[in-house]
Amino acid sequence: MSRVCVISPFTGLAGDMLLAALVDAGAPLDAIRAAVADTGLTGWDLTVTQVLTHGLAASRADVSVSDGATSRKAKELIAMAGRVRQRAVAEVATKALRAIAEVEGRLHGEDPGEVHLHELGGHDTLVDIVGVAAALHALDVSAVHCEPLPLGSGGVRTAHGILPCPAPATAALLENAVVTGTELKGETVTPTAAALLRAVKADFGSPPPMRLAVTGYGAGTRTLADRPNIAVVRLGDVETDQVRDLVLLETNLDDVSGEVLGYVVGRLLEEGALDSWVTPAVMKKGRPAHVLHALATPETADEIEGLMFAETGTLGVRRSAVRRTAAARTTDVVHVHGVPVRRKHGPHHGKPEYDDAVAVARRTGLPLRTVLALAAQQPEER
């Protein structure tokens with residue numbers, strides 16, 4: 001089984017609305033606060049409260065600030081997000097912030113790292129982006145689907161004056177997203193929300209059939225006369241494909257260092273490879289070498305192959321069709337010294353998630369092998 005998140009932007013989508021909806025759906029607030037604290041951000045507090053809007057109970061996320069900083073350079077925010085201990089959370093957060101920086105840099109003719117973020121440079125942006133990434137990670141979401149985004153009309157006030165809706169940065173971040181019109185005026189989709197959707201590679205097609213587990217409602221700060229201003233998330237479980245046709249990509253390398261190979265494996269996985277690994281080999285004339293492998297879906301094979309060429313400088317990549325049988329699996333969460341650790345269970349074996357165990361080891365000072373053993377021995381929590 002895999003956990004899927006379907007976003008329904010009823011009146012639009014903002015970072016705080018998505019964060020509130022995920023908390024409403026069960027994301028632990030303590031884990032979210034801990035991830036934000038890892039960034040080194042000071043002078044903030046995150047609270048999530050229940051509100052009633054047009055007869056519907058929803059959660060609202062509020063960030064209170066005491067230091068007053070409202071703008072920062074993009075590279076500062078990216079560096080702060082990169083400090084989050086859970087690497088999966090840091091990767092999503094930094095991707096979202098880099099997307100904002102690249103768009104703002106292109107629009108203003110500046111270096112992306114040096115671009116000065118005004119409305120997006122304060123505490124809210126970092127809390128919302130890191131918070132959503134941490135919430136999705138804690139909920140064990142493996143895929144995100146989003147219904148068409150309603151785009152408002154009119155103008156939005158920015159540091160550069162009044163700009164058309166959607167704001168230019170939002171419009172650029174929404175390239176290839178599915179959007180629709182709405183009679184609502186003003187900003188209905190924020191750059192933060194658009195960047196998060198890009199970072200998690202949200203799919204705008206029809207979500208797969210799933211067993212609905214929970215629904216969360218996140219309220220925005222804007223009050224509408226005739227409807228609740230909310231975003232909705234639905235979490236569901238999808239049966240893992242038992243047999244699937246995939247593409248195996250391979251290339252022989254005798255001039256790439258181990259450090260680069262380790263980085264490339266991580267990049268391939270980050271960009272959508274289902275698996276990637278390296279095996280030692282002996283090539284012609286007795287030269288020691290490595291074979292870089294990547295397993296991809298037919299839809300992503302070209303992109304993964306292109307990345308292999310770009311990162312290794314190889315002159316050729318072999319491609320072959322393979323069929324993989326995947327055992328059904330389930331996940332649960334246990335706590336080791338108060339820190340959540342996910343466990344993955346197959347029909348014959350189960351084990352804790354490595355990244356979660358590493359986070360516990362770093363936070364507590366316990367040896368990693370001890371954390372793994374403690375997590376494996378914990379009874380299922382109910």
# chains A, B, ... in the order shown; residues from 1 in each chain; ligands from 1
$ select_by_dssp --residues "stretch 123-211 of chain A" --states "helix (DSSP H, G or I)" --output "PyMOL selection string"
chain A and resi 123-138+168-173+191-199
$ write_last_selection --atoms "C-alpha atoms" --output "PDB file, in the first residue's frame"
ATOM      1  CA  HIS A 123       8.991  33.955   8.574  1.00  0.00           C
ATOM      2  CA  ASP A 124       5.710  32.786   7.025  1.00  0.00           C
ATOM      3  CA  THR A 125       7.301  31.518   3.828  1.00  0.00           C
ATOM      4  CA  LEU A 126       9.911  29.363   5.561  1.00  0.00           C
ATOM      5  CA  VAL A 127       7.451  28.043   8.150  1.00  0.00           C
ATOM      6  CA  ASP A 128       4.834  27.202   5.518  1.00  0.00           C
ATOM      7  CA  ILE A 129       7.256  25.513   3.114  1.00  0.00           C
ATOM      8  CA  VAL A 130       9.212  23.519   5.695  1.00  0.00           C
ATOM      9  CA  GLY A 131       5.978  22.793   7.580  1.00  0.00           C
ATOM     10  CA  VAL A 132       4.192  21.345   4.543  1.00  0.00           C
ATOM     11  CA  ALA A 133       7.252  19.255   3.613  1.00  0.00           C
ATOM     12  CA  ALA A 134       7.459  17.925   7.185  1.00  0.00           C
ATOM     13  CA  ALA A 135       3.711  17.213   7.308  1.00  0.00           C
ATOM     14  CA  LEU A 136       3.770  15.216   4.061  1.00  0.00           C
ATOM     15  CA  HIS A 137       6.790  13.280   5.331  1.00  0.00           C
ATOM     16  CA  ALA A 138       5.161  12.538   8.698  1.00  0.00           C
ATOM     17  CA  PRO A 168       3.931  37.020 -12.395  1.00  0.00           C
ATOM     18  CA  ALA A 169       5.924  34.789 -10.026  1.00  0.00           C
ATOM     19  CA  THR A 170       2.882  32.608  -9.391  1.00  0.00           C
ATOM     20  CA  ALA A 171       2.097  32.375 -13.103  1.00  0.00           C
ATOM     21  CA  ALA A 172       5.658  31.268 -13.850  1.00  0.00           C
ATOM     22  CA  LEU A 173       5.635  28.676 -11.060  1.00  0.00           C
ATOM     23  CA  PRO A 191       3.671  31.669  -5.003  1.00  0.00           C
ATOM     24  CA  THR A 192       4.422  29.571  -1.916  1.00  0.00           C
ATOM     25  CA  ALA A 193       1.653  27.095  -2.754  1.00  0.00           C
ATOM     26  CA  ALA A 194       2.673  26.988  -6.421  1.00  0.00           C
ATOM     27  CA  ALA A 195       6.310  26.330  -5.484  1.00  0.00           C
ATOM     28  CA  LEU A 196       5.314  23.521  -3.109  1.00  0.00           C
ATOM     29  CA  LEU A 197       3.241  21.829  -5.807  1.00  0.00           C
ATOM     30  CA  ARG A 198       6.233  21.985  -8.131  1.00  0.00           C
ATOM     31  CA  ALA A 199       8.620  20.673  -5.467  1.00  0.00           C
TER      32      ALA A 199
END
$ closest_residue --among "A:Leu274, A:Pro166, A:Gly43, A:Ser153" --to "A:Glu299" --atoms "only C-alpha atoms"
A:Leu274
$ closest_residue --among "A:Leu184, A:Leu253, A:Ala20, A:Ala273" --to "A:Thr223" --atoms "only C-alpha atoms"
A:Leu184
$ closest_residue --among "A:Leu46, A:Val115, A:Lys95, A:Phe10" --to "A:Asp30" --atoms "only C-alpha atoms"
A:Leu46
$ residues_around --residues "stretch 339-346 of chain A" --least-positions-apart "3" --cutoff "9 Å" --atoms "only C-alpha atoms" --output "CSV table (one decimal) with all heavy atoms, in the first residue's frame"
chain,number,residue,atom,x,y,z
A,31,ALA,N,6.1,17.5,15.2
A,31,ALA,CA,7.1,17.2,14.2
A,31,ALA,C,7.3,18.3,13.2
A,31,ALA,O,8.5,18.6,12.8
A,31,ALA,CB,6.7,15.9,13.4
A,138,ALA,N,5.7,13.2,7.5
A,138,ALA,CA,5.2,12.5,8.7
A,138,ALA,C,4.0,11.7,8.4
A,138,ALA,O,3.7,10.7,9.0
A,138,ALA,CB,4.8,13.6,9.8
A,140,ASP,N,3.6,10.1,5.6
A,140,ASP,CA,4.1,9.0,4.7
A,140,ASP,C,3.5,9.1,3.4
A,140,ASP,O,3.2,8.1,2.7
A,140,ASP,CB,3.9,7.7,5.4
A,140,ASP,CG,4.8,6.6,4.8
A,140,ASP,OD1,5.9,6.9,4.3
A,140,ASP,OD2,4.4,5.4,4.7
A,327,ALA,N,6.0,-6.7,-3.8
A,327,ALA,CA,5.1,-7.2,-2.8
A,327,ALA,C,4.3,-6.1,-2.2
A,327,ALA,O,4.7,-5.0,-2.0
A,327,ALA,CB,6.0,-7.9,-1.7
A,328,ALA,N,3.1,-6.4,-1.8
A,328,ALA,CA,2.2,-5.4,-1.1
A,328,ALA,C,2.9,-5.1,0.2
A,328,ALA,O,3.6,-5.9,0.9
A,328,ALA,CB,0.9,-6.0,-0.8
A,329,ARG,N,2.7,-3.8,0.6
A,329,ARG,CA,3.4,-3.3,1.9
A,329,ARG,C,2.5,-2.4,2.6
A,329,ARG,O,1.6,-1.8,2.1
A,329,ARG,CB,4.7,-2.7,1.5
A,329,ARG,CG,4.6,-1.4,0.7
A,329,ARG,CD,5.8,-1.1,-0.1
A,329,ARG,NE,6.1,-2.1,-1.1
A,329,ARG,CZ,7.1,-2.1,-1.9
A,329,ARG,NH1,8.0,-1.2,-1.8
A,329,ARG,NH2,7.3,-3.0,-2.9
A,330,THR,N,2.8,-2.3,3.9
A,330,THR,CA,2.0,-1.4,4.8
A,330,THR,C,3.1,-0.6,5.6
A,330,THR,O,4.2,-1.0,5.7
A,330,THR,CB,1.1,-2.1,5.7
A,330,THR,OG1,1.8,-3.0,6.5
A,330,THR,CG2,0.0,-2.8,4.9
A,331,THR,N,2.6,0.5,6.2
A,331,THR,CA,3.5,1.3,7.0
A,331,THR,C,2.8,1.6,8.3
A,331,THR,O,1.6,1.7,8.4
A,331,THR,CB,3.9,2.6,6.3
A,331,THR,OG1,2.8,3.4,6.1
A,331,THR,CG2,4.7,2.4,5.1
A,332,ASP,N,3.6,1.8,9.4
A,332,ASP,CA,3.1,2.3,10.6
A,332,ASP,C,4.2,3.2,11.2
A,332,ASP,O,5.2,3.4,10.7
A,332,ASP,CB,2.7,1.1,11.6
A,332,ASP,CG,3.9,0.3,12.1
A,332,ASP,OD1,5.1,0.6,11.6
A,332,ASP,OD2,3.8,-0.6,12.9
A,333,VAL,N,3.8,3.8,12.3
A,333,VAL,CA,4.7,4.8,13.0
A,333,VAL,C,4.8,4.4,14.5
A,333,VAL,O,3.8,4.2,15.1
A,333,VAL,CB,4.2,6.2,12.8
A,333,VAL,CG1,5.1,7.2,13.6
A,333,VAL,CG2,4.1,6.6,11.4
A,334,VAL,N,6.1,4.3,14.9
A,334,VAL,CA,6.3,4.2,16.4
A,334,VAL,C,7.2,5.3,16.8
A,334,VAL,O,7.7,6.1,16.0
A,334,VAL,CB,7.0,2.8,16.7
A,334,VAL,CG1,6.2,1.6,16.3
A,334,VAL,CG2,8.4,2.8,15.9
A,335,HIS,N,7.3,5.5,18.1
A,335,HIS,CA,8.1,6.6,18.7
A,335,HIS,C,9.3,6.0,19.5
A,335,HIS,O,9.1,5.2,20.3
A,335,HIS,CB,7.2,7.5,19.6
A,335,HIS,CG,6.3,8.4,18.8
A,335,HIS,ND1,5.1,7.9,18.3
A,335,HIS,CD2,6.3,9.7,18.5
A,335,HIS,CE1,4.5,8.9,17.6
A,335,HIS,NE2,5.2,10.0,17.8
A,336,VAL,N,10.5,6.5,19.1
A,336,VAL,CA,11.7,6.2,19.9
A,336,VAL,C,12.2,7.5,20.6
A,336,VAL,O,12.5,8.5,19.9
A,336,VAL,CB,12.8,5.6,18.9
A,336,VAL,CG1,14.0,5.3,19.7
A,336,VAL,CG2,12.2,4.4,18.2
A,349,HIS,N,8.8,-9.5,5.9
A,349,HIS,CA,9.9,-8.7,6.6
A,349,HIS,C,9.4,-7.3,6.8
A,349,HIS,O,8.6,-6.8,6.0
A,349,HIS,CB,11.2,-8.7,5.7
A,349,HIS,CG,12.3,-8.0,6.4
A,349,HIS,ND1,12.9,-8.3,7.6
A,349,HIS,CD2,13.0,-6.9,5.9
A,349,HIS,CE1,13.9,-7.5,7.9
A,349,HIS,NE2,14.0,-6.6,6.9
A,350,GLY,N,9.9,-6.7,7.8
A,350,GLY,CA,9.7,-5.3,8.1
A,350,GLY,C,10.9,-4.6,8.7
A,350,GLY,O,11.7,-5.2,9.3
A,351,LYS,N,11.0,-3.3,8.4
A,351,LYS,CA,12.2,-2.6,9.0
A,351,LYS,C,11.8,-1.1,9.1
A,351,LYS,O,11.0,-0.5,8.4
A,351,LYS,CB,13.4,-2.8,8.1
A,351,LYS,CG,13.3,-2.2,6.7
A,351,LYS,CD,14.6,-2.3,6.0
A,351,LYS,CE,14.6,-1.7,4.6
A,351,LYS,NZ,15.8,-1.8,3.9
A,352,PRO,N,12.5,-0.4,10.0
A,352,PRO,CA,12.4,1.1,10.2
A,352,PRO,C,12.9,1.8,9.0
A,352,PRO,O,13.9,1.3,8.3
A,352,PRO,CB,13.1,1.4,11.5
A,352,PRO,CG,13.4,0.1,12.1
A,352,PRO,CD,13.5,-0.9,11.0
A,353,GLU,N,12.4,3.0,8.7
A,353,GLU,CA,12.9,3.9,7.7
A,353,GLU,C,14.2,4.4,8.1
A,353,GLU,O,14.3,5.0,9.2
A,353,GLU,CB,11.9,5.0,7.4
A,353,GLU,CG,10.7,4.5,6.6
A,353,GLU,CD,10.9,4.2,5.2
A,353,GLU,OE1,12.1,4.4,4.7
A,353,GLU,OE2,10.0,3.8,4.4
A,354,TYR,N,15.2,4.3,7.3
A,354,TYR,CA,16.6,4.8,7.6
A,354,TYR,C,16.6,6.2,8.0
A,354,TYR,O,17.2,6.6,9.0
A,354,TYR,CB,17.5,4.5,6.4
A,354,TYR,CG,18.9,5.1,6.5
A,354,TYR,CD1,19.9,4.5,7.3
A,354,TYR,CD2,19.2,6.3,5.9
A,354,TYR,CE1,21.1,5.0,7.4
A,354,TYR,CE2,20.5,6.8,6.0
A,354,TYR,CZ,21.4,6.2,6.8
A,354,TYR,OH,22.7,6.7,6.9
A,355,ASP,N,16.0,7.1,7.2
A,355,ASP,CA,16.1,8.6,7.4
A,355,ASP,C,15.5,8.9,8.8
A,355,ASP,O,16.1,9.8,9.5
A,355,ASP,CB,15.4,9.3,6.3
A,355,ASP,CG,16.1,9.4,5.0
A,355,ASP,OD1,17.3,9.1,5.0
A,355,ASP,OD2,15.5,9.7,4.0
A,356,ASP,N,14.4,8.3,9.2
A,356,ASP,CA,13.8,8.6,10.5
A,356,ASP,C,14.7,8.1,11.6
A,356,ASP,O,14.9,8.8,12.6
A,356,ASP,CB,12.5,7.9,10.6
A,356,ASP,CG,11.4,8.4,9.6
A,356,ASP,OD1,11.8,9.4,8.9
A,356,ASP,OD2,10.3,7.9,9.6
A,357,ALA,N,15.3,6.9,11.4
A,357,ALA,CA,16.2,6.4,12.5
A,357,ALA,C,17.5,7.3,12.6
A,357,ALA,O,17.9,7.6,13.7
A,357,ALA,CB,16.6,5.0,12.2
A,359,ALA,N,17.5,10.5,12.1
A,359,ALA,CA,17.1,11.7,12.8
A,359,ALA,C,17.1,11.5,14.3
A,359,ALA,O,17.5,12.4,15.1
A,359,ALA,CB,15.7,12.2,12.3
A,360,VAL,N,16.6,10.3,14.7
A,360,VAL,CA,16.6,10.0,16.2
A,360,VAL,C,18.0,9.9,16.7
A,360,VAL,O,18.3,10.4,17.8
A,360,VAL,CB,15.8,8.7,16.4
A,360,VAL,CG1,15.8,8.3,17.9
A,360,VAL,CG2,14.3,8.8,16.0
A,363,ARG,N,19.5,13.3,17.2
A,363,ARG,CA,18.8,14.1,18.2
A,363,ARG,C,19.2,13.6,19.6
A,363,ARG,O,19.3,14.3,20.6
A,363,ARG,CB,17.3,14.1,18.0
A,363,ARG,CG,16.6,15.1,18.8
A,363,ARG,CD,15.2,15.3,18.3
A,363,ARG,NE,15.2,16.0,17.0
A,363,ARG,CZ,14.1,16.3,16.3
A,363,ARG,NH1,12.9,16.0,16.8
A,363,ARG,NH2,14.2,16.9,15.2
A,375,ALA,N,13.4,0.6,17.3
A,375,ALA,CA,12.3,0.9,16.5
A,375,ALA,C,11.7,-0.5,16.0
A,375,ALA,O,10.4,-0.6,15.9
A,375,ALA,CB,12.6,1.7,15.3
A,376,ALA,N,12.6,-1.4,15.6
A,376,ALA,CA,12.1,-2.7,15.2
A,376,ALA,C,11.3,-3.5,16.2
A,376,ALA,O,10.4,-4.2,15.9
A,376,ALA,CB,13.3,-3.5,14.6
$ select_by_dssp --residues "stretch 127-280 of chain A" --states "strand (DSSP E or B)" --output "JSON, numbers by chain"
{"A": [141, 142, 143, 144, 145, 146, 149, 150, 151, 152, 153, 155, 156, 157, 158, 161, 162, 163, 164, 179, 180, 181, 182, 183, 184, 185, 189, 203, 211, 212, 213, 214, 215, 216, 217, 218, 219, 230, 231, 232, 233, 234, 235, 236, 237, 238, 243, 244, 245, 246, 247, 248, 249, 250, 251, 252, 253, 275, 276, 277, 278, 279, 280]}
$ residues_around --residues "A:Asp38" --least-positions-apart "6" --cutoff "7 Å" --atoms "only C-alpha atoms" --output "VMD selection string"
chain A and resid 83 to 85
$ closest_atom_pairs --of "stretch 17-108 of chain A" --to "stretch 1-8 of chain A" --cutoff "10 Å" --atoms "only C-alpha atoms" --output "CSV"
residue,atom,partner,partner_atom,distance
A:Leu18,CA,A:Ile7,CA,8.3
A:Ala21,CA,A:Ile7,CA,9.3
A:Leu22,CA,A:Cys5,CA,9.3
$ atom_distance --atom1 "atom CA of A:Val89" --atom2 "atom CA of A:Glu147"
23.3 Å
$ closest_residue --among "A:Val92, A:Val51, A:Val322, A:Ala289" --to "A:Val243" --atoms "only C-alpha atoms"
A:Val322
$ residues_around --residues "A:Leu261" --least-positions-apart "6" --cutoff "9 Å" --atoms "only C-alpha atoms" --output "list in words"
Val278, His290, Leu292, Glu311 and Thr312 of chain A
$ closest_residue --among "A:Leu268, A:Leu151, A:Ile78, A:Cys146" --to "A:Pro207" --atoms "only C-alpha atoms"
A:Cys146
$ residues_around --residues "A:Pro148" --least-positions-apart "2" --cutoff "6 Å" --atoms "only C-alpha atoms" --output "PDB file with C-alpha atoms, in the first residue's frame"
ATOM      1  CA  VAL A 178      -3.892  22.620 -14.642  1.00  0.00           C
ATOM      2  CA  VAL A 179      -5.827  25.788 -13.804  1.00  0.00           C
ATOM      3  CA  THR A 180      -9.375  27.044 -14.138  1.00  0.00           C
TER       4      THR A 180
END
$ atom_distance --atom1 "atom CA of A:Ser257" --atom2 "atom CA of A:Pro112"
29.5 Å
